[in-house]
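As provided, data_22.cif (mmCIF, N, CA and C atoms, pLDDT in the B column; chains and numbers go by the auth columns) reads as follows.
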data_final
#
loop_
_atom_site.group_PDB
_atom_site.id
_atom_site.type_symbol
_atom_site.label_atom_id
_atom_site.label_comp_id
_atom_site.label_asym_id
_atom_site.label_seq_id
_atom_site.Cartn_x
_atom_site.Cartn_y
_atom_site.Cartn_z
_atom_site.B_iso_or_equiv
_atom_site.auth_seq_id
_atom_site.auth_asym_id
ATOM 1 N N MET A 1 13.945 -0.698 -11.009 63.00 14 A
ATOM 2 C CA MET A 1 13.820 -0.918 -12.439 63.00 14 A
ATOM 3 C C MET A 1 13.218 -2.291 -12.675 63.00 14 A
ATOM 4 N N LEU A 2 12.149 -2.345 -13.443 62.00 15 A
ATOM 5 C CA LEU A 2 11.548 -3.614 -13.832 62.00 15 A
ATOM 6 C C LEU A 2 12.290 -4.180 -15.023 62.00 15 A
ATOM 7 N N THR A 3 12.446 -5.469 -15.019 67.00 16 A
ATOM 8 C CA THR A 3 13.038 -6.126 -16.183 67.00 16 A
ATOM 9 C C THR A 3 11.959 -6.946 -16.866 67.00 16 A
ATOM 10 N N LEU A 4 12.291 -7.500 -17.982 62.00 17 A
ATOM 11 C CA LEU A 4 11.324 -8.288 -18.744 62.00 17 A
ATOM 12 C C LEU A 4 10.894 -9.518 -17.947 62.00 17 A
ATOM 13 N N PRO A 5 9.679 -10.007 -18.199 64.00 18 A
ATOM 14 C CA PRO A 5 9.224 -11.205 -17.502 64.00 18 A
ATOM 15 C C PRO A 5 10.131 -12.393 -17.791 64.00 18 A
ATOM 16 N N ALA A 6 10.171 -13.310 -16.842 63.00 19 A
ATOM 17 C CA ALA A 6 10.948 -14.525 -17.054 63.00 19 A
ATOM 18 C C ALA A 6 10.341 -15.309 -18.218 63.00 19 A
ATOM 19 N N SER A 7 11.166 -16.111 -18.861 65.00 20 A
ATOM 20 C CA SER A 7 10.689 -16.848 -20.031 65.00 20 A
ATOM 21 C C SER A 7 9.598 -17.848 -19.663 65.00 20 A
ATOM 22 N N ASN A 8 9.563 -18.297 -18.398 71.00 21 A
ATOM 23 C CA ASN A 8 8.526 -19.238 -17.986 71.00 21 A
ATOM 24 C C ASN A 8 7.246 -18.520 -17.566 71.00 21 A
ATOM 25 N N GLY A 9 7.250 -17.178 -17.571 71.00 22 A
ATOM 26 C CA GLY A 9 6.063 -16.404 -17.283 71.00 22 A
ATOM 27 C C GLY A 9 5.673 -16.347 -15.818 71.00 22 A
ATOM 28 N N LEU A 10 6.558 -16.698 -14.908 76.00 23 A
ATOM 29 C CA LEU A 10 6.207 -16.746 -13.493 76.00 23 A
ATOM 30 C C LEU A 10 6.381 -15.435 -12.752 76.00 23 A
ATOM 31 N N GLY A 11 7.023 -14.443 -13.311 77.00 24 A
ATOM 32 C CA GLY A 11 7.136 -13.200 -12.577 77.00 24 A
ATOM 33 C C GLY A 11 8.076 -12.205 -13.216 77.00 24 A
ATOM 34 N N LEU A 12 8.230 -11.085 -12.525 78.00 25 A
ATOM 35 C CA LEU A 12 9.131 -10.016 -12.948 78.00 25 A
ATOM 36 C C LEU A 12 10.281 -9.929 -11.963 78.00 25 A
ATOM 37 N N SER A 13 11.349 -9.352 -12.394 82.00 26 A
ATOM 38 C CA SER A 13 12.495 -9.129 -11.524 82.00 26 A
ATOM 39 C C SER A 13 12.588 -7.632 -11.239 82.00 26 A
ATOM 40 N N ILE A 14 12.687 -7.262 -9.944 86.00 27 A
ATOM 41 C CA ILE A 14 12.836 -5.853 -9.577 86.00 27 A
ATOM 42 C C ILE A 14 14.050 -5.722 -8.669 86.00 27 A
ATOM 43 N N ASN A 15 14.630 -4.542 -8.643 91.00 28 A
ATOM 44 C CA ASN A 15 15.796 -4.350 -7.789 91.00 28 A
ATOM 45 C C ASN A 15 15.368 -4.050 -6.360 91.00 28 A
ATOM 46 N N SER A 16 16.306 -4.071 -5.452 93.00 29 A
ATOM 47 C CA SER A 16 15.981 -3.934 -4.027 93.00 29 A
ATOM 48 C C SER A 16 15.435 -2.546 -3.688 93.00 29 A
ATOM 49 N N ASP A 17 15.867 -1.506 -4.388 94.00 30 A
ATOM 50 C CA ASP A 17 15.351 -0.159 -4.111 94.00 30 A
ATOM 51 C C ASP A 17 13.867 -0.060 -4.444 94.00 30 A
ATOM 52 N N LEU A 18 13.474 -0.631 -5.568 93.00 31 A
ATOM 53 C CA LEU A 18 12.065 -0.617 -5.948 93.00 31 A
ATOM 54 C C LEU A 18 11.244 -1.479 -4.999 93.00 31 A
ATOM 55 N N LEU A 19 11.774 -2.616 -4.608 93.00 32 A
ATOM 56 C CA LEU A 19 11.084 -3.480 -3.652 93.00 32 A
ATOM 57 C C LEU A 19 10.873 -2.749 -2.336 93.00 32 A
ATOM 58 N N GLU A 20 11.903 -2.055 -1.862 96.00 33 A
ATOM 59 C CA GLU A 20 11.791 -1.301 -0.615 96.00 33 A
ATOM 60 C C GLU A 20 10.750 -0.195 -0.731 96.00 33 A
ATOM 61 N N ALA A 21 10.755 0.525 -1.824 96.00 34 A
ATOM 62 C CA ALA A 21 9.793 1.611 -2.026 96.00 34 A
ATOM 63 C C ALA A 21 8.364 1.077 -2.057 96.00 34 A
ATOM 64 N N LYS A 22 8.152 -0.032 -2.738 96.00 35 A
ATOM 65 C CA LYS A 22 6.813 -0.613 -2.808 96.00 35 A
ATOM 66 C C LYS A 22 6.372 -1.157 -1.450 96.00 35 A
ATOM 67 N N ALA A 23 7.296 -1.756 -0.705 97.00 36 A
ATOM 68 C CA ALA A 23 6.963 -2.277 0.622 97.00 36 A
ATOM 69 C C ALA A 23 6.605 -1.138 1.575 97.00 36 A
ATOM 70 N N LEU A 24 7.356 -0.044 1.539 98.00 37 A
ATOM 71 C CA LEU A 24 7.053 1.102 2.389 98.00 37 A
ATOM 72 C C LEU A 24 5.703 1.715 2.032 98.00 37 A
ATOM 73 N N ARG A 25 5.414 1.815 0.746 98.00 38 A
ATOM 74 C CA ARG A 25 4.119 2.358 0.321 98.00 38 A
ATOM 75 C C ARG A 25 2.986 1.473 0.813 98.00 38 A
ATOM 76 N N MET A 26 3.166 0.169 0.709 98.00 39 A
ATOM 77 C CA MET A 26 2.130 -0.758 1.157 98.00 39 A
ATOM 78 C C MET A 26 1.928 -0.649 2.674 98.00 39 A
ATOM 79 N N MET A 27 3.006 -0.498 3.430 98.00 40 A
ATOM 80 C CA MET A 27 2.887 -0.359 4.885 98.00 40 A
ATOM 81 C C MET A 27 2.193 0.941 5.268 98.00 40 A
ATOM 82 N N LYS A 28 2.467 2.017 4.527 98.00 41 A
ATOM 83 C CA LYS A 28 1.795 3.292 4.801 98.00 41 A
ATOM 84 C C LYS A 28 0.298 3.192 4.533 98.00 41 A
ATOM 85 N N ILE A 29 -0.062 2.509 3.447 98.00 42 A
ATOM 86 C CA ILE A 29 -1.482 2.337 3.122 98.00 42 A
ATOM 87 C C ILE A 29 -2.160 1.479 4.185 98.00 42 A
ATOM 88 N N ALA A 30 -1.489 0.413 4.615 98.00 43 A
ATOM 89 C CA ALA A 30 -2.061 -0.458 5.646 98.00 43 A
ATOM 90 C C ALA A 30 -2.218 0.297 6.959 98.00 43 A
ATOM 91 N N ARG A 31 -1.237 1.114 7.322 98.00 44 A
ATOM 92 C CA ARG A 31 -1.324 1.906 8.554 98.00 44 A
ATOM 93 C C ARG A 31 -2.504 2.870 8.485 98.00 44 A
ATOM 94 N N ALA A 32 -2.669 3.536 7.359 98.00 45 A
ATOM 95 C CA ALA A 32 -3.782 4.475 7.200 98.00 45 A
ATOM 96 C C ALA A 32 -5.117 3.743 7.281 98.00 45 A
ATOM 97 N N ALA A 33 -5.191 2.551 6.698 98.00 46 A
ATOM 98 C CA ALA A 33 -6.432 1.778 6.740 98.00 46 A
ATOM 99 C C ALA A 33 -6.766 1.368 8.170 98.00 46 A
ATOM 100 N N LEU A 34 -5.773 0.960 8.946 98.00 47 A
ATOM 101 C CA LEU A 34 -6.013 0.578 10.339 98.00 47 A
ATOM 102 C C LEU A 34 -6.455 1.766 11.181 98.00 47 A
ATOM 103 N N ILE A 35 -5.874 2.928 10.934 98.00 48 A
ATOM 104 C CA ILE A 35 -6.281 4.137 11.658 98.00 48 A
ATOM 105 C C ILE A 35 -7.724 4.476 11.332 98.00 48 A
ATOM 106 N N GLN A 36 -8.087 4.433 10.045 98.00 49 A
ATOM 107 C CA GLN A 36 -9.461 4.718 9.642 98.00 49 A
ATOM 108 C C GLN A 36 -10.439 3.720 10.254 98.00 49 A
ATOM 109 N N LEU A 37 -10.045 2.450 10.301 98.00 50 A
ATOM 110 C CA LEU A 37 -10.898 1.432 10.897 98.00 50 A
ATOM 111 C C LEU A 37 -11.111 1.695 12.385 98.00 50 A
ATOM 112 N N ALA A 38 -10.053 2.035 13.093 98.00 51 A
ATOM 113 C CA ALA A 38 -10.166 2.320 14.522 98.00 51 A
ATOM 114 C C ALA A 38 -11.067 3.527 14.769 98.00 51 A
ATOM 115 N N LEU A 39 -10.935 4.550 13.954 98.00 52 A
ATOM 116 C CA LEU A 39 -11.790 5.729 14.107 98.00 52 A
ATOM 117 C C LEU A 39 -13.251 5.396 13.809 98.00 52 A
ATOM 118 N N ALA A 40 -13.493 4.600 12.792 98.00 53 A
ATOM 119 C CA ALA A 40 -14.866 4.219 12.440 98.00 53 A
ATOM 120 C C ALA A 40 -15.495 3.378 13.545 98.00 53 A
ATOM 121 N N ILE A 41 -14.722 2.479 14.144 98.00 54 A
ATOM 122 C CA ILE A 41 -15.245 1.672 15.250 98.00 54 A
ATOM 123 C C ILE A 41 -15.594 2.567 16.422 98.00 54 A
ATOM 124 N N GLY A 42 -14.769 3.559 16.712 97.00 55 A
ATOM 125 C CA GLY A 42 -15.059 4.499 17.792 97.00 55 A
ATOM 126 C C GLY A 42 -16.354 5.251 17.561 97.00 55 A
ATOM 127 N N VAL A 43 -16.572 5.699 16.343 97.00 56 A
ATOM 128 C CA VAL A 43 -17.809 6.414 16.006 97.00 56 A
ATOM 129 C C VAL A 43 -19.012 5.500 16.200 97.00 56 A
ATOM 130 N N GLU A 44 -18.921 4.282 15.694 97.00 57 A
ATOM 131 C CA GLU A 44 -20.032 3.338 15.824 97.00 57 A
ATOM 132 C C GLU A 44 -20.329 3.016 17.289 97.00 57 A
ATOM 133 N N GLU A 45 -19.297 2.850 18.087 96.00 58 A
ATOM 134 C CA GLU A 45 -19.504 2.548 19.505 96.00 58 A
ATOM 135 C C GLU A 45 -20.156 3.739 20.232 96.00 58 A
ATOM 136 N N ARG A 46 -19.746 4.944 19.901 95.00 59 A
ATOM 137 C CA ARG A 46 -20.372 6.116 20.511 95.00 59 A
ATOM 138 C C ARG A 46 -21.839 6.237 20.095 95.00 59 A
ATOM 139 N N ASN A 47 -22.132 5.975 18.825 95.00 60 A
ATOM 140 C CA ASN A 47 -23.511 6.016 18.347 95.00 60 A
ATOM 141 C C ASN A 47 -24.355 4.949 19.022 95.00 60 A
ATOM 142 N N LYS A 48 -23.798 3.770 19.209 94.00 61 A
ATOM 143 C CA LYS A 48 -24.528 2.699 19.854 94.00 61 A
ATOM 144 C C LYS A 48 -24.807 3.047 21.325 94.00 61 A
ATOM 145 N N ALA A 49 -23.821 3.625 22.001 91.00 62 A
ATOM 146 C CA ALA A 49 -24.003 4.016 23.396 91.00 62 A
ATOM 147 C C ALA A 49 -25.032 5.128 23.526 91.00 62 A
ATOM 148 N N ALA A 50 -25.062 6.046 22.600 91.00 63 A
ATOM 149 C CA ALA A 50 -26.022 7.155 22.648 91.00 63 A
ATOM 150 C C ALA A 50 -27.435 6.667 22.371 91.00 63 A
ATOM 151 N N ALA A 51 -27.586 5.644 21.559 91.00 64 A
ATOM 152 C CA ALA A 51 -28.905 5.138 21.203 91.00 64 A
ATOM 153 C C ALA A 51 -29.440 4.148 22.236 91.00 64 A
ATOM 154 N N ALA A 52 -28.592 3.633 23.095 82.00 65 A
ATOM 155 C CA ALA A 52 -29.035 2.636 24.092 82.00 65 A
ATOM 156 C C ALA A 52 -29.875 3.319 25.155 82.00 65 A
ATOM 157 N N PRO A 53 -30.939 2.649 25.582 79.00 66 A
ATOM 158 C CA PRO A 53 -31.775 3.257 26.647 79.00 66 A
ATOM 159 C C PRO A 53 -31.007 3.274 27.978 79.00 66 A
ATOM 160 N N ILE A 54 -31.211 4.339 28.723 76.00 67 A
ATOM 161 C CA ILE A 54 -30.546 4.503 30.019 76.00 67 A
ATOM 162 C C ILE A 54 -31.451 3.884 31.068 76.00 67 A
ATOM 163 N N CYS A 55 -30.915 2.938 31.811 68.00 68 A
ATOM 164 C CA CYS A 55 -31.714 2.261 32.845 68.00 68 A
ATOM 165 C C CYS A 55 -31.443 2.832 34.214 68.00 68 A
#
Conversion result in structure tokens:
Amino acid sequence: MLTLPASNGLGLSINSDLLEAKALRMMKIARAALIQLALAIGVEERNKAAAAPIC
């Protein structure tokens, strides 16, 4: 549950359940991004190896 902003305007207060849910969501997104990056690097490396002249 979000509460009203602090009177000094520096932030919001959230409970631990919401913090945990947001942290887990962020970790899942980061994990998916790292997997996609690793797969993209693999594709690029295979393309580079296929395009390199064979000596």
I need the residues of region 15-51 of chain A that end up classed as alpha helix (DSSP H) by DSSP on the backbone, written out as a list in words.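 Here are the alpha helix (DSSP H) residues of region 15-51 of chain A: Ser29, Asp30, Leu31, Leu32, Glu33, Ala34, Lys35, Ala36, Leu37, Arg38, Met39, Met40, Lys41, Ile42, Ala43, Arg44, Ala45, Ala46, Leu47, Ile48, Gln49, Leu50 and Ala51 of chain A.
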Using the selection just defined, write its residues with N, CA and C atoms as an mmCIF file, in the frame of the given file.
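The resulting file, out-v5.cif, is reproduced below:
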data_model
loop_
_atom_site.group_PDB
_atom_site.id
_atom_site.type_symbol
_atom_site.label_atom_id
_atom_site.label_comp_id
_atom_site.auth_asym_id
_atom_site.auth_seq_id
_atom_site.Cartn_x
_atom_site.Cartn_y
_atom_site.Cartn_z
ATOM 1 N N SER A 29 16.306 -4.071 -5.452
ATOM 2 C CA SER A 29 15.981 -3.934 -4.027
ATOM 3 C C SER A 29 15.435 -2.546 -3.688
ATOM 4 N N ASP A 30 15.867 -1.506 -4.388
ATOM 5 C CA ASP A 30 15.351 -0.159 -4.111
ATOM 6 C C ASP A 30 13.867 -0.060 -4.444
ATOM 7 N N LEU A 31 13.474 -0.631 -5.568
ATOM 8 C CA LEU A 31 12.065 -0.617 -5.948
ATOM 9 C C LEU A 31 11.244 -1.479 -4.999
ATOM 10 N N LEU A 32 11.774 -2.616 -4.608
ATOM 11 C CA LEU A 32 11.084 -3.480 -3.652
ATOM 12 C C LEU A 32 10.873 -2.749 -2.336
ATOM 13 N N GLU A 33 11.903 -2.055 -1.862
ATOM 14 C CA GLU A 33 11.791 -1.301 -0.615
ATOM 15 C C GLU A 33 10.750 -0.195 -0.731
ATOM 16 N N ALA A 34 10.755 0.525 -1.824
ATOM 17 C CA ALA A 34 9.793 1.611 -2.026
ATOM 18 C C ALA A 34 8.364 1.077 -2.057
ATOM 19 N N LYS A 35 8.152 -0.032 -2.738
ATOM 20 C CA LYS A 35 6.813 -0.613 -2.808
ATOM 21 C C LYS A 35 6.372 -1.157 -1.450
ATOM 22 N N ALA A 36 7.296 -1.756 -0.705
ATOM 23 C CA ALA A 36 6.963 -2.277 0.622
ATOM 24 C C ALA A 36 6.605 -1.138 1.575
ATOM 25 N N LEU A 37 7.356 -0.044 1.539
ATOM 26 C CA LEU A 37 7.053 1.102 2.389
ATOM 27 C C LEU A 37 5.703 1.715 2.032
ATOM 28 N N ARG A 38 5.414 1.815 0.746
ATOM 29 C CA ARG A 38 4.119 2.358 0.321
ATOM 30 C C ARG A 38 2.986 1.473 0.813
ATOM 31 N N MET A 39 3.166 0.169 0.709
ATOM 32 C CA MET A 39 2.130 -0.758 1.157
ATOM 33 C C MET A 39 1.928 -0.649 2.674
ATOM 34 N N MET A 40 3.006 -0.498 3.430
ATOM 35 C CA MET A 40 2.887 -0.359 4.885
ATOM 36 C C MET A 40 2.193 0.941 5.268
ATOM 37 N N LYS A 41 2.467 2.017 4.527
ATOM 38 C CA LYS A 41 1.795 3.292 4.801
ATOM 39 C C LYS A 41 0.298 3.192 4.533
ATOM 40 N N ILE A 42 -0.062 2.509 3.447
ATOM 41 C CA ILE A 42 -1.482 2.337 3.122
ATOM 42 C C ILE A 42 -2.160 1.479 4.185
ATOM 43 N N ALA A 43 -1.489 0.413 4.615
ATOM 44 C CA ALA A 43 -2.061 -0.458 5.646
ATOM 45 C C ALA A 43 -2.218 0.297 6.959
ATOM 46 N N ARG A 44 -1.237 1.114 7.322
ATOM 47 C CA ARG A 44 -1.324 1.906 8.554
ATOM 48 C C ARG A 44 -2.504 2.870 8.485
ATOM 49 N N ALA A 45 -2.669 3.536 7.359
ATOM 50 C CA ALA A 45 -3.782 4.475 7.200
ATOM 51 C C ALA A 45 -5.117 3.743 7.281
ATOM 52 N N ALA A 46 -5.191 2.551 6.698
ATOM 53 C CA ALA A 46 -6.432 1.778 6.740
ATOM 54 C C ALA A 46 -6.766 1.368 8.170
ATOM 55 N N LEU A 47 -5.773 0.960 8.946
ATOM 56 C CA LEU A 47 -6.013 0.578 10.339
ATOM 57 C C LEU A 47 -6.455 1.766 11.181
ATOM 58 N N ILE A 48 -5.874 2.928 10.934
ATOM 59 C CA ILE A 48 -6.281 4.137 11.658
ATOM 60 C C ILE A 48 -7.724 4.476 11.332
ATOM 61 N N GLN A 49 -8.087 4.433 10.045
ATOM 62 C CA GLN A 49 -9.461 4.718 9.642
ATOM 63 C C GLN A 49 -10.439 3.720 10.254
ATOM 64 N N LEU A 50 -10.045 2.450 10.301
ATOM 65 C CA LEU A 50 -10.898 1.432 10.897
ATOM 66 C C LEU A 50 -11.111 1.695 12.385
ATOM 67 N N ALA A 51 -10.053 2.035 13.093
ATOM 68 C CA ALA A 51 -10.166 2.320 14.522
ATOM 69 C C ALA A 51 -11.067 3.527 14.769
#
Could you tell me how far CA of Asn60 (chain A) lies from atom C of Arg44 (chain A), in Å and to one decimal?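 The value is 23.4 Å.
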Rounded to one decimal in Å, what is the spacing between CA of Ala45 (chain A) and CA of Ile27 (chain A)?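 Taking CA of Ala45 (chain A) and CA of Ile27 (chain A), their separation equals 25.8 Å.
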Distance in Å - atom N of Ile54 (chain A) versus CA of Pro66 (chain A): 21.2 Å
